[in-house]
Each structure stands twice: as structure tokens, then as C-alpha cells.
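Reviewing the structure listed below.
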Amino acid sequence: MTVRVRVPATTANLGPGFDSLGMALQLYNEIELDVIDQGLEFEVTGVGVEMVPPTSENVIYKAVQCVFDQLGKRRPGLALRLHNAVPVTRGLGSSAAAIVGGLVAANELCNRPFTEDQLLDLAVTLEGHPDNVAPALLGGIVVSGVVNGKTRYVKLPVPKDLVCVVVVPDFPLPTKESRKVLPGAVSFRDAVHNVNRASLLVAALATGDVDTMGAVMEDVLHEPYRMPLVPGMAEAAAAGRAAGAAGVALSGSGPTLIAFCRNGSEGPVGPAMVETWRRAGVEATWMVLCPDDRGVCVSTVDALRPEVLDVTPP
Ligand code: HSE
């Protein structure tokens, strides 16, 4: 019995949409889950393996365990295999991919006791904010928030001519650290600025207007506070815009920068940003990624035997 899940990287915030906007990207982790006689076996391959603990401390494992806990069932012995492609703790949703991948794989193994919305609520509880886990689960561009304890979301169409360049520095920045530097309160003026830019951004996305999207990226709620944690960030972002990007934002809590480009104009953007960052003393690599519109996929499921798991829906 094998469940195989493919889960995308995500970029959160999209500039001014702090904790509210996110987009799935065509870069995928693959997770396989097998029921075995007993215990926990773990195998990790791919990028950043040294940062992914192959133990019960692993975020995928915790998400899998969460499904069994919610069902009030003992988990069977499991073999978990991860092929990791999403850079770890770089601002591309590695923990959201782990959470969504683990929840969906375990849900599949248990014959789908939870609906998509229930899985999303579990994922938001595990992650603490919805803006990465929602697009990891649903794909596309997702506006999301927790309203009266339930995750509300609206999926927006992905603009047809949008291409992203992600520029990934060679140092990690855990979200926990990057949230610690945020202020406890902001001025009315800054709040109004972000309400305005985020509203314009959502309207631009809804109408496929990449130019307006790029023009309204400026954020004053989180990026200025995070800038000291990411040396050379402002210069690299400016180089991306000068090289033709419509807009550049910190991807999630950083340190990765994401440049939003009209299809065909992305060519010089990555090299210009990498070179500028190098001059500021930061080594980085770049990738061109298109938005993913599918979200998590269960790509192969052989011979489920739910009776082995003794699982009944909650
Ligand atoms: N919205 C979150 C933040 C994303 O910026 O802290 C982090 O994954």
C-alpha cells in the first residue's frame, strides 16, 4: 500500500498581502507513505537534506500523526520517503509543503475521512497562518484568512502572462526569526498604505494585469523590518526591476526574493539580481518558475486497505 503525493512550493505575502496572499509555484516535493509492520522508517533525498530531520520531529511526520490524532486512532507502522526540491527555510513554503503533503498523504491512506476544507483548517492550525498552506493545498493564487475560527479563501485566476523568477540566497532564515523582528503596532498611515496596495494587487490579479500588480508591490508592514536580516535585499530587488521585472517582493518571510515578470521579459532578471547580490556579499541562485494551478496532487495510490488501519470518519 503506497500513497504518493506531490506538493508545490509557495510564495506568500506577494509584497503587501502579509499573511493573506499566496501563490503556488511549479516546483514540487514528492512524498511517499507506506504502511509497514511497525515503527517509523524515514528516507530523505534531494535539496537541503541536512536540514530535514528524518525523525518523528519532522514536520511531515507531525502532520501525518495529526491526522491519526484527530481520528482518535493509533497510527500504523509507516515508511515515509521525501524527495525534496523546495529549498528549506528560504521563504518558499517548505514547511507548508511538509504540512500539506503529510496531511493529504495520511488522509489518503485513511480513505479520505477529511474534506479539503477540514484539511485546510488543520494545516492552518499547524502552520499558524494560511497564506502558504492554502495555495499549497489548492494551487493558484489564493487570498485567505481565518474568520471566526474557519479559514476563508478565494482562489484567483493566475494571470496568463505571469512568470516568476525566484532568487534564493545561500543562507537560511527561519520564519520564527523573521517574525520576531516585526513591530507590535504600526501607524495608521502605514496600515492605510498596505490596505490600498493589497486591494489594488488583488484587483490587478483578478483582471490579469501584471503591470499594475508589479507597480503596487511596495509593502510597509513587514519588508522594511526584515531588510536588516537580508543584506543587499533592496539593491537586488532594484536590480530585478531595472532588468525588466514588473515587481519584486520578499518571498514569504525571506530571504528569497521573487520577481514577477511578464512572460518573455524574465531572461535578464535572475542574472542581474544574482550579480547585484554577489556584490553585496551574498551568493544566490535563481530559477524561473511558473505559477502552479493544481496544488497538491495524489499521483499514485495502489491498493488501499482501509480495514488494516481501522479508520472510521470522525
Ligand atoms: N506570511 C508569513 C510571513 C509567511 O511573512 O511571516 C511566512 O511563511
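Every chain in the C-alpha cells takes a letter, A first, then B, and so on in the order presented; its residues are numbered from 1, and the ligands are numbered from 1 following the presented order.
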Each residue of chain A with at least one atom at most 8 Å from ligand 1 should appear once, together with its nearest atom pair and the corresponding distance in Å (one decimal); atoms considered: only C-alpha atoms and all ligand atoms; ordering: chain, then increasing residue number; output as JSON lines.
```
{"residue": "A:Thr11", "atom": "CA", "partner": "ligand 1", "partner_atom_place_in_ligand_line": "8 (O)", "distance": 7.9}
{"residue": "A:Ala12", "atom": "CA", "partner": "ligand 1", "partner_atom_place_in_ligand_line": "4 (C)", "distance": 5.3}
{"residue": "A:Asn13", "atom": "CA", "partner": "ligand 1", "partner_atom_place_in_ligand_line": "1 (N)", "distance": 5.5}
{"residue": "A:Phe18", "atom": "CA", "partner": "ligand 1", "partner_atom_place_in_ligand_line": "1 (N)", "distance": 5.1}
{"residue": "A:Asp19", "atom": "CA", "partner": "ligand 1", "partner_atom_place_in_ligand_line": "1 (N)", "distance": 3.7}
{"residue": "A:Ser20", "atom": "CA", "partner": "ligand 1", "partner_atom_place_in_ligand_line": "1 (N)", "distance": 6.9}
{"residue": "A:Leu21", "atom": "CA", "partner": "ligand 1", "partner_atom_place_in_ligand_line": "1 (N)", "distance": 8.0}
{"residue": "A:Gly91", "atom": "CA", "partner": "ligand 1", "partner_atom_place_in_ligand_line": "8 (O)", "distance": 6.0}
{"residue": "A:Leu92", "atom": "CA", "partner": "ligand 1", "partner_atom_place_in_ligand_line": "8 (O)", "distance": 7.5}
{"residue": "A:Gly93", "atom": "CA", "partner": "ligand 1", "partner_atom_place_in_ligand_line": "8 (O)", "distance": 5.9}
{"residue": "A:Ser95", "atom": "CA", "partner": "ligand 1", "partner_atom_place_in_ligand_line": "8 (O)", "distance": 7.9}
{"residue": "A:Ala96", "atom": "CA", "partner": "ligand 1", "partner_atom_place_in_ligand_line": "8 (O)", "distance": 7.8}
{"residue": "A:His129", "atom": "CA", "partner": "ligand 1", "partner_atom_place_in_ligand_line": "1 (N)", "distance": 6.7}
{"residue": "A:Pro130", "atom": "CA", "partner": "ligand 1", "partner_atom_place_in_ligand_line": "1 (N)", "distance": 7.9}
{"residue": "A:Asp131", "atom": "CA", "partner": "ligand 1", "partner_atom_place_in_ligand_line": "1 (N)", "distance": 6.0}
{"residue": "A:Asn132", "atom": "CA", "partner": "ligand 1", "partner_atom_place_in_ligand_line": "8 (O)", "distance": 6.2}
{"residue": "A:Thr175", "atom": "CA", "partner": "ligand 1", "partner_atom_place_in_ligand_line": "7 (C)", "distance": 5.6}
{"residue": "A:Lys176", "atom": "CA", "partner": "ligand 1", "partner_atom_place_in_ligand_line": "6 (O)", "distance": 7.8}
{"residue": "A:Ser178", "atom": "CA", "partner": "ligand 1", "partner_atom_place_in_ligand_line": "6 (O)", "distance": 6.7}
{"residue": "A:Arg179", "atom": "CA", "partner": "ligand 1", "partner_atom_place_in_ligand_line": "6 (O)", "distance": 5.5}
{"residue": "A:His222", "atom": "CA", "partner": "ligand 1", "partner_atom_place_in_ligand_line": "5 (O)", "distance": 7.2}
{"residue": "A:Ser251", "atom": "CA", "partner": "ligand 1", "partner_atom_place_in_ligand_line": "5 (O)", "distance": 7.9}
{"residue": "A:Gly252", "atom": "CA", "partner": "ligand 1", "partner_atom_place_in_ligand_line": "4 (C)", "distance": 4.1}
{"residue": "A:Ser253", "atom": "CA", "partner": "ligand 1", "partner_atom_place_in_ligand_line": "5 (O)", "distance": 4.1}
{"residue": "A:Gly254", "atom": "CA", "partner": "ligand 1", "partner_atom_place_in_ligand_line": "5 (O)", "distance": 7.7}
```
Picked from segment 11-179 of chain A by DSSP as strand (DSSP E or B), as an mmCIF file with C-alpha atoms, in the first residue's frame:
```
data_model
loop_
_atom_site.group_PDB
_atom_site.id
_atom_site.type_symbol
_atom_site.label_atom_id
_atom_site.label_comp_id
_atom_site.auth_asym_id
_atom_site.auth_seq_id
_atom_site.Cartn_x
_atom_site.Cartn_y
_atom_site.Cartn_z
ATOM 1 C CA THR A 11 5.351 32.234 -2.194
ATOM 2 C CA ALA A 12 3.454 34.176 0.465
ATOM 3 C CA LEU A 21 -1.932 36.300 -0.159
ATOM 4 C CA GLY A 22 -0.054 33.356 -1.593
ATOM 5 C CA MET A 23 0.749 31.653 -4.865
ATOM 6 C CA ALA A 24 1.734 28.073 -5.684
ATOM 7 C CA LEU A 25 4.801 27.576 -7.898
ATOM 8 C CA GLN A 26 5.802 24.785 -10.261
ATOM 9 C CA LEU A 27 8.458 23.296 -8.004
ATOM 10 C CA TYR A 28 7.450 20.138 -6.160
ATOM 11 C CA ASN A 29 8.303 17.903 -3.238
ATOM 12 C CA GLU A 30 7.308 14.251 -3.577
ATOM 13 C CA ILE A 31 6.189 12.333 -0.519
ATOM 14 C CA GLU A 32 5.540 8.583 -0.325
ATOM 15 C CA LEU A 33 3.875 6.871 2.563
ATOM 16 C CA ASP A 34 3.765 3.090 3.049
ATOM 17 C CA VAL A 35 2.202 1.102 5.837
ATOM 18 C CA ILE A 36 4.757 -1.283 7.354
ATOM 19 C CA LEU A 40 8.795 4.617 11.586
ATOM 20 C CA GLU A 41 11.211 4.491 8.681
ATOM 21 C CA PHE A 42 12.318 7.685 7.053
ATOM 22 C CA GLU A 43 14.284 8.435 3.912
ATOM 23 C CA VAL A 44 15.045 11.934 2.652
ATOM 24 C CA THR A 45 16.692 12.798 -0.670
ATOM 25 C CA GLY A 46 17.046 15.997 -2.681
ATOM 26 C CA GLY A 77 3.946 1.463 11.240
ATOM 27 C CA LEU A 78 4.961 3.826 8.465
ATOM 28 C CA ALA A 79 7.717 4.213 5.910
ATOM 29 C CA LEU A 80 7.993 7.816 4.798
ATOM 30 C CA ARG A 81 10.043 8.881 1.798
ATOM 31 C CA LEU A 82 10.600 12.502 0.863
ATOM 32 C CA HIS A 83 12.210 13.734 -2.305
ATOM 33 C CA ASN A 84 12.794 17.386 -1.548
ATOM 34 C CA ILE A 141 -3.230 32.409 -6.222
ATOM 35 C CA VAL A 142 -5.202 32.306 -3.006
ATOM 36 C CA VAL A 143 -6.468 35.119 -0.776
ATOM 37 C CA SER A 144 -7.061 33.615 2.656
ATOM 38 C CA GLY A 145 -7.714 34.468 6.280
ATOM 39 C CA VAL A 146 -9.106 32.926 9.434
ATOM 40 C CA VAL A 147 -12.586 34.303 10.173
ATOM 41 C CA LYS A 150 -12.645 28.976 9.997
ATOM 42 C CA THR A 151 -10.288 29.515 7.097
ATOM 43 C CA ARG A 152 -11.979 31.563 4.380
ATOM 44 C CA TYR A 153 -10.357 31.708 0.980
ATOM 45 C CA VAL A 154 -10.912 32.872 -2.564
ATOM 46 C CA LYS A 155 -8.843 31.455 -5.405
ATOM 47 C CA LEU A 156 -7.943 33.980 -8.087
ATOM 48 C CA LEU A 162 2.876 35.887 -15.434
ATOM 49 C CA VAL A 163 6.274 34.241 -14.934
ATOM 50 C CA CYS A 164 8.247 34.354 -11.699
ATOM 51 C CA VAL A 165 11.981 34.480 -11.091
ATOM 52 C CA VAL A 166 12.940 33.303 -7.623
ATOM 53 C CA VAL A 167 16.366 34.250 -6.360
ATOM 54 C CA VAL A 168 17.446 32.100 -3.433
ATOM 55 C CA PRO A 169 20.332 33.229 -1.192
#
```
Item to check | Nearby residues (only C-alpha atoms) at most 12 Å from segment 281-287 of chain A, same-chain spacing under 3 positions excluded, as JSON, numbers by chain | outcome: {"A": [25, 26, 27, 86, 87, 90, 163, 164, 165, 166, 167, 168, 169, 170, 171, 172, 229, 230, 231, 232, 233, 235, 236, 240, 255, 256, 257, 258, 259, 266, 267, 268, 269, 270, 271, 272, 273, 274, 275, 276, 277, 278, 290]}
Checklist entry - Using only C-alpha atoms, which residue out of A:Ala97, A:Leu138, A:Ala246, A:Gly102 lies closest to Asp117 of chain A? => result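 Ranked by minimum distance to Asp117 of chain A, first place goes to A:Leu138.
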Residues near Leu137 of chain A, anyone? I mean within 7 Å using only C-alpha atoms, not counting same-chain ones fewer than 2 positions away, as a compact mmCIF listing (two decimals) with C-alpha atoms, in the first residue's frame.
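Saved result, out-v4.txt, follows:
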```txt
# COMPACT_ATOMS: atom_id res chain seq x y z
CA VAL A 100 0.03 19.85 3.41
CA VAL A 133 -0.70 26.26 3.15
CA ALA A 134 -3.80 27.46 1.22
CA PRO A 135 -2.07 27.65 -2.19
CA GLY A 139 -2.94 25.70 -6.17
CA GLY A 295 -1.96 22.44 -5.74
CA VAL A 296 -1.26 19.16 -4.02
```
Item to check | Nearest to Gln118 of chain A by atom-to-atom distance, counting only C-alpha atoms, from A:Gln38, A:Asn148, A:Gln70, A:Thr89 | outcome: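 So, comparing all the options, the nearest one is A:Gln70.
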